[in-house]
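Asks: Below you'll find the structure I mean.
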Amino acid sequence: MTSPIALMKEAFATSLKKAIEIAFESLEVEALKIEDTILIPEEGFGDLSSSVSFKISKIVKRKPSEVAKEIIEKMGNPSFASKLEETNGYINLFFNEREYAKLVIETVIEEGSFYGSTNIGEDKKVLVEYPSVNPTKPWHIGHLRNALLGDSIANLLEFCGYKVEREDYIDDLGLQVAETLWGIKHLGSDPNGKKFDRFLGEQYVEVNKRLSEKPEIEKEINEILKNMEAGNTEEARLAREVSERCVRAQYQTAYSYSLYHDVLVWESDIVKSKLLDKAKILAQEKGAVENINEGKYKGCVVLDLEKVKDVAKEFENPKEKYKVLIRSNGVATYAMKDFAFHLWKFGEIKADLGFELFDKQPNGKPLYSSSPNGSYMEFGNADIVINIIDRSQSHEQASVKALLSLVARGNKQLIHLPYGVVRLASGTLSGRQGGWLGEKEYTADELLKEATIKTLEKTKESSKLAHSEVEETAKEVAIAAIKFEYLRVSPEKDIVFDWERALNLEANSGPYVLYTYARASSILEKGDFELIPPSGKAYEFLTREEDYALVKHIAVFPEVVERSCKELKPNLIANYLIDIATIFSKFYEKMPVIKSEARELRLSLVYATKQVIENGLALLGVHALGAL
């Protein structure tokens, strides 16, 4: 796909190179890395600027300003430039704005929903794992951040030419599941009309309360856990049954936020596939692990941290010499089990994993699940694996990465995307005291319900839609509000969810961007816009004011998408959309569209803005609404 700003940077770099070769014949031009010196400057200093003069000045022992002026002289009058000027040693390029606007508008019209996409992924397969919530509780507002990050990153990767597999790992063999089974047996299994994941979450709280009162219950729970992990037992069957029922309830939450997956992989199925045994054998064959026969680590299988000190900063000065992978009692640690799972993800070892249809999702896409009764399917075998896991797991993820570096073939890449915590600025939802598990554990269901109520109040006041349409619109606006409030913040930072900011229709929010999209749609409808490029004459009405500011921002969208994909930062897209909505608002206020002699050009600019917003919203998983 075409990136207008990238084309201009390339043209500028080529012109600079030719001029430098003429002005400074003895220089090795390639060594200057001219492309790296080009950036988009502050307003008033051109459309592009190059600092290459500073590099050359050090070599030829002349002032950067003198070097810049000589280069500009040798560049002449490039067709893509309206002017070139030197400012404090920088070479500033002002585009031929009419030609640039023509390039930008025609590119958006031609590429439509593909505008901004790239092929940097080259069809490499990326497996994105998220949100991997234990099947014992509802999603809380922290789990939701995991899910929204995973979904938006998967969208970005697909838009940039990667083949993406969205995976959800389900740990149905953990202690929490054993505690849940104890609760089912002793406290009952009837949810009494409650959503099943919510019922389990509340029951889990009660089980832990009883544990603190009667410690002897722990023995009963440990016995359940032992029988679960043994497999082919009543406990194992019940654990899977309860877990699947909980996951189906959790996916009602996922679907309400328009979040979808490709496959669920269950811990119990991984255990049955003997994946851990295969991983241990492979690691031993590669010399990545060793058995200790004496001392404090006697009987353990360990990783010598000296071997991986260059892989991650966690291992540069470790407190211990070894990382225990399998304890002396034969129990594998989290790092070892996850290492085995990742060997399957990367296609390094095969597992006897079958898959079958779990659900047909509301978007029409099938959701598959690993299953003892399933058939072989092409899951896993990825080139890149991205795990969306909170930052508390950084050390364990580093351990898995270190092990893989000693065993995996080729250029396999494991990326851990850590994220910060989430809390509500107000501390409560609808005045209730606390969530299902303490003050901060509000569910994603509660958050959406509250956001919809608040949005409905505002939407009813301003909308002319039918009642049913108002309610549906309110929900979509609420989802946009939540997603923007989550995704506009860089993943590693904490989030304080603020209702007033999230639902602001005037600025810096999802509803604000949706409102801008709806306004653009309305203008196009009233103006009877036809999806054809403007005539050449139309560009004569272009100024270097709000209309050109819009042109420039539309042009950089592909660059923002690519950077967002490379850095795994959806916040760059969210903030771009807020910016373009603000620029469009200024354009609309100051420049008449329909009743203007510049009508043809300005309608095309409105369309291009609308299309870019639609494309950006799709990357964040937000539905664009034509009316509010």
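Within each chain, counting starts at residue 1; across the structure tokens, chains are named A, B, ... in the order shown, with ligands numbered 1 upward in that order.
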Give the strand (DSSP E or B) residues of stretch 7-120 of chain A, as assigned by DSSP on the backbone, as a PyMOL selection string.
Replies: chain A and resi 38-39+48-50+81-87+90-95
Asks: For stretch 142-233 of chain A versus stretch 326-340 of chain A, which residues have an atom no more than 12 Å away, and what is each residue's nearest atom pair and distance in Å rounded to one decimal, using only C-alpha atoms, chain-then-number order, as a Markdown table?
Replies:
| residue | atom | partner | partner_atom | distance |
| --- | --- | --- | --- | --- |
| A:Tyr169 | CA | A:Asp338 | CA | 10.8 |
| A:Asp171 | CA | A:Asp338 | CA | 11.4 |
| A:Gly174 | CA | A:Tyr334 | CA | 11.0 |
| A:Lys226 | CA | A:Val331 | CA | 11.9 |
| A:Glu229 | CA | A:Val331 | CA | 11.5 |
Asks: When you look at stretch 562-573 of chain A with a cut-off of 6 Å (counting only C-alpha atoms), what residues show up, excluding the ones that are within fewer than 2 positions of it in the same chain? I need them as a PyMOL selection string.
Replies: chain A and resi 156+487-490+559-560+575-576
Asks: Print the selection's residues with all heavy atoms to a file, as a PDB file, in the first residue's frame.
Replies:
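part-v4.pdb written:
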ATOM      1  N   LEU A 156      -3.583  -4.852  14.407  1.00  0.00           N
ATOM      2  CA  LEU A 156      -2.461  -4.119  13.813  1.00  0.00           C
ATOM      3  C   LEU A 156      -1.557  -5.047  13.011  1.00  0.00           C
ATOM      4  O   LEU A 156      -1.141  -4.727  11.891  1.00  0.00           O
ATOM      5  CB  LEU A 156      -1.642  -3.435  14.912  1.00  0.00           C
ATOM      6  CG  LEU A 156      -2.147  -2.078  15.398  1.00  0.00           C
ATOM      7  CD1 LEU A 156      -1.511  -1.721  16.735  1.00  0.00           C
ATOM      8  CD2 LEU A 156      -1.834  -0.998  14.365  1.00  0.00           C
ATOM      9  N   LEU A 487      -6.883   2.090  25.747  1.00  0.00           N
ATOM     10  CA  LEU A 487      -5.848   1.958  24.724  1.00  0.00           C
ATOM     11  C   LEU A 487      -5.088   3.245  24.440  1.00  0.00           C
ATOM     12  O   LEU A 487      -4.048   3.202  23.781  1.00  0.00           O
ATOM     13  CB  LEU A 487      -6.470   1.429  23.426  1.00  0.00           C
ATOM     14  CG  LEU A 487      -7.046   0.012  23.515  1.00  0.00           C
ATOM     15  CD1 LEU A 487      -7.763  -0.360  22.228  1.00  0.00           C
ATOM     16  CD2 LEU A 487      -5.948  -1.011  23.813  1.00  0.00           C
ATOM     17  N   ARG A 488      -5.563   4.387  24.916  1.00  0.00           N
ATOM     18  CA  ARG A 488      -4.846   5.640  24.662  1.00  0.00           C
ATOM     19  C   ARG A 488      -3.612   5.779  25.546  1.00  0.00           C
ATOM     20  O   ARG A 488      -2.812   6.695  25.372  1.00  0.00           O
ATOM     21  CB  ARG A 488      -5.789   6.840  24.871  1.00  0.00           C
ATOM     22  CG  ARG A 488      -6.210   7.048  26.306  1.00  0.00           C
ATOM     23  CD  ARG A 488      -7.428   7.980  26.402  1.00  0.00           C
ATOM     24  NE  ARG A 488      -7.114   9.308  25.932  1.00  0.00           N
ATOM     25  CZ  ARG A 488      -6.635  10.289  26.721  1.00  0.00           C
ATOM     26  NH1 ARG A 488      -6.419  10.043  27.997  1.00  0.00           N
ATOM     27  NH2 ARG A 488      -6.392  11.470  26.230  1.00  0.00           N
ATOM     28  N   VAL A 489      -3.460   4.868  26.499  1.00  0.00           N
ATOM     29  CA  VAL A 489      -2.315   4.878  27.414  1.00  0.00           C
ATOM     30  C   VAL A 489      -1.331   3.797  26.983  1.00  0.00           C
ATOM     31  O   VAL A 489      -1.715   2.677  26.662  1.00  0.00           O
ATOM     32  CB  VAL A 489      -2.781   4.621  28.866  1.00  0.00           C
ATOM     33  CG1 VAL A 489      -1.590   4.585  29.823  1.00  0.00           C
ATOM     34  CG2 VAL A 489      -3.776   5.689  29.296  1.00  0.00           C
ATOM     35  N   SER A 490      -0.055   4.124  26.982  1.00  0.00           N
ATOM     36  CA  SER A 490       0.978   3.152  26.616  1.00  0.00           C
ATOM     37  C   SER A 490       0.874   1.928  27.524  1.00  0.00           C
ATOM     38  O   SER A 490       0.651   2.074  28.737  1.00  0.00           O
ATOM     39  CB  SER A 490       2.354   3.804  26.756  1.00  0.00           C
ATOM     40  OG  SER A 490       3.354   2.986  26.211  1.00  0.00           O
ATOM     41  N   GLU A 559       2.365   5.785   8.361  1.00  0.00           N
ATOM     42  CA  GLU A 559       3.581   5.801   9.173  1.00  0.00           C
ATOM     43  C   GLU A 559       3.252   5.526  10.646  1.00  0.00           C
ATOM     44  O   GLU A 559       3.977   4.799  11.335  1.00  0.00           O
ATOM     45  CB  GLU A 559       4.282   7.151   9.036  1.00  0.00           C
ATOM     46  CG  GLU A 559       5.694   7.178   9.566  1.00  0.00           C
ATOM     47  CD  GLU A 559       6.423   8.456   9.173  1.00  0.00           C
ATOM     48  OE1 GLU A 559       6.177   9.488   9.837  1.00  0.00           O
ATOM     49  OE2 GLU A 559       7.212   8.423   8.212  1.00  0.00           O
ATOM     50  N   VAL A 560       2.149   6.088  11.127  1.00  0.00           N
ATOM     51  CA  VAL A 560       1.717   5.853  12.509  1.00  0.00           C
ATOM     52  C   VAL A 560       1.342   4.388  12.699  1.00  0.00           C
ATOM     53  O   VAL A 560       1.690   3.772  13.713  1.00  0.00           O
ATOM     54  CB  VAL A 560       0.523   6.771  12.862  1.00  0.00           C
ATOM     55  CG1 VAL A 560      -0.018   6.441  14.255  1.00  0.00           C
ATOM     56  CG2 VAL A 560       0.942   8.234  12.804  1.00  0.00           C
ATOM     57  N   ASN A 575      -4.312   7.969  19.956  1.00  0.00           N
ATOM     58  CA  ASN A 575      -3.984   9.392  20.060  1.00  0.00           C
ATOM     59  C   ASN A 575      -3.942  10.072  18.695  1.00  0.00           C
ATOM     60  O   ASN A 575      -4.262  11.263  18.578  1.00  0.00           O
ATOM     61  CB  ASN A 575      -2.661   9.558  20.805  1.00  0.00           C
ATOM     62  CG  ASN A 575      -2.818   9.276  22.293  1.00  0.00           C
ATOM     63  OD1 ASN A 575      -3.586   9.922  22.986  1.00  0.00           O
ATOM     64  ND2 ASN A 575      -2.114   8.273  22.785  1.00  0.00           N
ATOM     65  N   TYR A 576      -3.570   9.328  17.654  1.00  0.00           N
ATOM     66  CA  TYR A 576      -3.647   9.862  16.294  1.00  0.00           C
ATOM     67  C   TYR A 576      -5.102  10.222  15.960  1.00  0.00           C
ATOM     68  O   TYR A 576      -5.377  11.282  15.396  1.00  0.00           O
ATOM     69  CB  TYR A 576      -3.114   8.845  15.289  1.00  0.00           C
ATOM     70  CG  TYR A 576      -3.399   9.226  13.850  1.00  0.00           C
ATOM     71  CD1 TYR A 576      -2.501   9.998  13.122  1.00  0.00           C
ATOM     72  CD2 TYR A 576      -4.584   8.837  13.228  1.00  0.00           C
ATOM     73  CE1 TYR A 576      -2.776  10.377  11.807  1.00  0.00           C
ATOM     74  CE2 TYR A 576      -4.869   9.209  11.922  1.00  0.00           C
ATOM     75  CZ  TYR A 576      -3.959   9.977  11.214  1.00  0.00           C
ATOM     76  OH  TYR A 576      -4.247  10.348   9.931  1.00  0.00           O
TER      77      TYR A 576
END
Asks: Which one is closest to A:Asp168: A:Thr107, A:Leu7, A:Ile221, A:Ile388? Count only C-alpha atoms.
Replies: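 Smallest separation from A:Asp168 among the options: A:Ile388.
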Asks: Give me the stretch 171-266 of chain A side of the contact with stretch 475-480 of chain A, cut-off 12 Å, one line per residue showing its nearest atom pair and distance in Å at one decimal, counting only C-alpha atoms, sorted by chain and residue number, as a Markdown table.
Replies:
| residue | atom | partner | partner_atom | distance |
| --- | --- | --- | --- | --- |
| A:Thr253 | CA | A:Ile479 | CA | 12.0 |
| A:Ala254 | CA | A:Ile479 | CA | 11.7 |
| A:Tyr255 | CA | A:Ile479 | CA | 11.5 |
| A:Ser256 | CA | A:Ile479 | CA | 8.8 |
| A:Tyr257 | CA | A:Ile479 | CA | 6.5 |
| A:Ser258 | CA | A:Ile479 | CA | 9.0 |
| A:Leu259 | CA | A:Ile479 | CA | 11.2 |
Asks: Could the residues in this selection be written to a file with N, CA, C and O atoms, as a PDB file, in the first residue's frame?
Replies:
ATOM      1  N   THR A 253     -18.859 -12.160  27.803  1.00  0.00           N
ATOM      2  CA  THR A 253     -18.247 -10.858  28.056  1.00  0.00           C
ATOM      3  C   THR A 253     -17.398 -10.431  26.867  1.00  0.00           C
ATOM      4  O   THR A 253     -17.488  -9.289  26.398  1.00  0.00           O
ATOM      5  N   ALA A 254     -16.574 -11.353  26.375  1.00  0.00           N
ATOM      6  CA  ALA A 254     -15.709 -11.045  25.226  1.00  0.00           C
ATOM      7  C   ALA A 254     -16.540 -10.578  24.034  1.00  0.00           C
ATOM      8  O   ALA A 254     -16.223  -9.553  23.406  1.00  0.00           O
ATOM      9  N   TYR A 255     -17.592 -11.301  23.735  1.00  0.00           N
ATOM     10  CA  TYR A 255     -18.426 -10.959  22.577  1.00  0.00           C
ATOM     11  C   TYR A 255     -19.113  -9.604  22.763  1.00  0.00           C
ATOM     12  O   TYR A 255     -19.329  -8.877  21.786  1.00  0.00           O
ATOM     13  N   SER A 256     -19.465  -9.259  24.001  1.00  0.00           N
ATOM     14  CA  SER A 256     -20.115  -7.969  24.238  1.00  0.00           C
ATOM     15  C   SER A 256     -19.171  -6.815  23.911  1.00  0.00           C
ATOM     16  O   SER A 256     -19.621  -5.710  23.603  1.00  0.00           O
ATOM     17  N   TYR A 257     -17.866  -7.073  23.953  1.00  0.00           N
ATOM     18  CA  TYR A 257     -16.860  -6.071  23.584  1.00  0.00           C
ATOM     19  C   TYR A 257     -16.325  -6.289  22.160  1.00  0.00           C
ATOM     20  O   TYR A 257     -15.342  -5.667  21.766  1.00  0.00           O
ATOM     21  N   SER A 258     -16.976  -7.200  21.411  1.00  0.00           N
ATOM     22  CA  SER A 258     -16.537  -7.543  20.044  1.00  0.00           C
ATOM     23  C   SER A 258     -15.107  -8.068  20.030  1.00  0.00           C
ATOM     24  O   SER A 258     -14.287  -7.685  19.194  1.00  0.00           O
ATOM     25  N   LEU A 259     -14.817  -8.967  20.953  1.00  0.00           N
ATOM     26  CA  LEU A 259     -13.501  -9.597  21.041  1.00  0.00           C
ATOM     27  C   LEU A 259     -13.642 -11.066  20.657  1.00  0.00           C
ATOM     28  O   LEU A 259     -14.477 -11.785  21.221  1.00  0.00           O
TER      29      LEU A 259
END
Asks: Find the distance between atom CA of A:Lys365 and atom CA of A:Ile270 and write it in Å to one decimal.
Replies: 24.4 Å
Asks: Tell me, in Å to one decimal, how far atom CA of A:Pro558 is from atom CA of A:Ile91.
Replies: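 Computing it gives 24.3 Å between the two atoms.
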Asks: Rank nothing, just name the residue among A:Val126, A:Asp172, A:Glu290, A:Lys307 nearest to A:Gly380, using only C-alpha atoms.
Replies: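 So, comparing all the options, the nearest one is A:Val126.
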Asks: Quick one: everything within 10 Å of A:Leu542, counting only C-alpha atoms, minus sequence neighbours fewer than 4 positions away in the same chain. Send it as a PyMOL selection string.
Replies: chain A and resi 97-98+101+538+546-548+551+598+601-602
Asks: Select, from A:Tyr517, A:Ala574, A:Gln252, A:Pro534, the residue with the minimum atom-to-atom distance to A:Lys102, counting only C-alpha atoms.
Replies: A:Pro534
Asks: Quick one: pull the distance between atom CA of A:Ile217 and atom CA of A:Asn134, Å, one decimal.
Replies: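 Interatomic distance, atom CA of A:Ile217 to atom CA of A:Asn134: 21.4 Å.
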Asks: Excluding same-chain residues fewer than 3 positions from A:Lys83, what lies within 9 Å of it counting only C-alpha atoms, as a ChimeraX atom specification?
Replies: /A:46,77-78,92-96
Asks: Apply DSSP to the backbone of this structure and, from stretch 75-136 of chain A, keep only the residues in alpha helix (DSSP H); write these as a PyMOL selection string.
Replies: chain A and resi 75+97-111
Asks: For A:His395, which of A:Lys319, A:Lys313, A:Lys454, A:Lys449 is the closest residue, counting only C-alpha atoms?
Replies: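 Selected residue with least distance to A:His395: A:Lys313.
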Asks: Find the residues near A:Ile583: any atom within 12 Å, counting only C-alpha atoms, skip ones fewer than 4 places away on the same chain, and give them as number ranges by chain.
Replies: A: 507, 513, 516, 545-554, 576-579, 587-591, 605-606, 609
Asks: Hey, can you spit out that residue selection with C-alpha atoms as a short mmCIF file (atom, residue, chain, number, x, y, z; two decimals), in the first residue's frame?
Replies:
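Written out: result-v2.cif:
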data_model
loop_
_atom_site.label_atom_id
_atom_site.label_comp_id
_atom_site.auth_asym_id
_atom_site.auth_seq_id
_atom_site.Cartn_x
_atom_site.Cartn_y
_atom_site.Cartn_z
CA ALA A 507 -12.32 16.19 23.19
CA VAL A 513 -13.82 10.50 17.63
CA THR A 516 -16.34 13.41 14.37
CA GLU A 545 -4.35 26.63 6.63
CA GLU A 546 -6.77 24.14 8.22
CA ASP A 547 -7.34 22.26 4.96
CA TYR A 548 -3.64 21.61 4.44
CA ALA A 549 -3.20 20.67 8.11
CA LEU A 550 -5.80 17.97 7.49
CA VAL A 551 -3.97 16.80 4.34
CA LYS A 552 -0.71 16.44 6.28
CA HIS A 553 -2.27 14.48 9.12
CA ILE A 554 -4.10 12.11 6.78
CA TYR A 576 -3.65 9.86 16.29
CA LEU A 577 -7.44 9.56 15.98
CA ILE A 578 -7.99 12.10 18.74
CA ASP A 579 -5.59 14.48 16.98
CA PHE A 587 -11.30 22.71 9.61
CA TYR A 588 -15.09 22.38 9.82
CA GLU A 589 -15.46 25.49 11.97
CA LYS A 590 -13.34 27.75 9.76
CA MET A 591 -13.84 26.38 6.25
CA LEU A 605 -11.01 16.01 2.34
CA VAL A 606 -14.03 15.17 4.49
CA THR A 609 -10.80 12.06 7.02
#
Asks: Need the shell around A:Ile224: protein/DNA/RNA residues with any atom at most 8 Å away, counting only C-alpha atoms. Skip same-chain ones fewer than 4 positions apart. Format as a list in words?
Replies: Ala178, Leu181, Trp182, Glu220, Met228 and Glu235 of chain A
Asks: Keeping only C-alpha atoms, take the residues you just selected and write them out as a compact mmCIF listing (two decimals), in the first residue's frame.
Replies:
# COMPACT_ATOMS: atom_id res chain seq x y z
CA ALA A 178 -9.43 -27.31 42.74
CA LEU A 181 -14.49 -27.85 42.69
CA TRP A 182 -14.48 -27.99 46.49
CA GLU A 220 -9.39 -31.82 50.93
CA MET A 228 -7.53 -33.62 38.83
CA GLU A 235 -12.42 -34.75 39.52
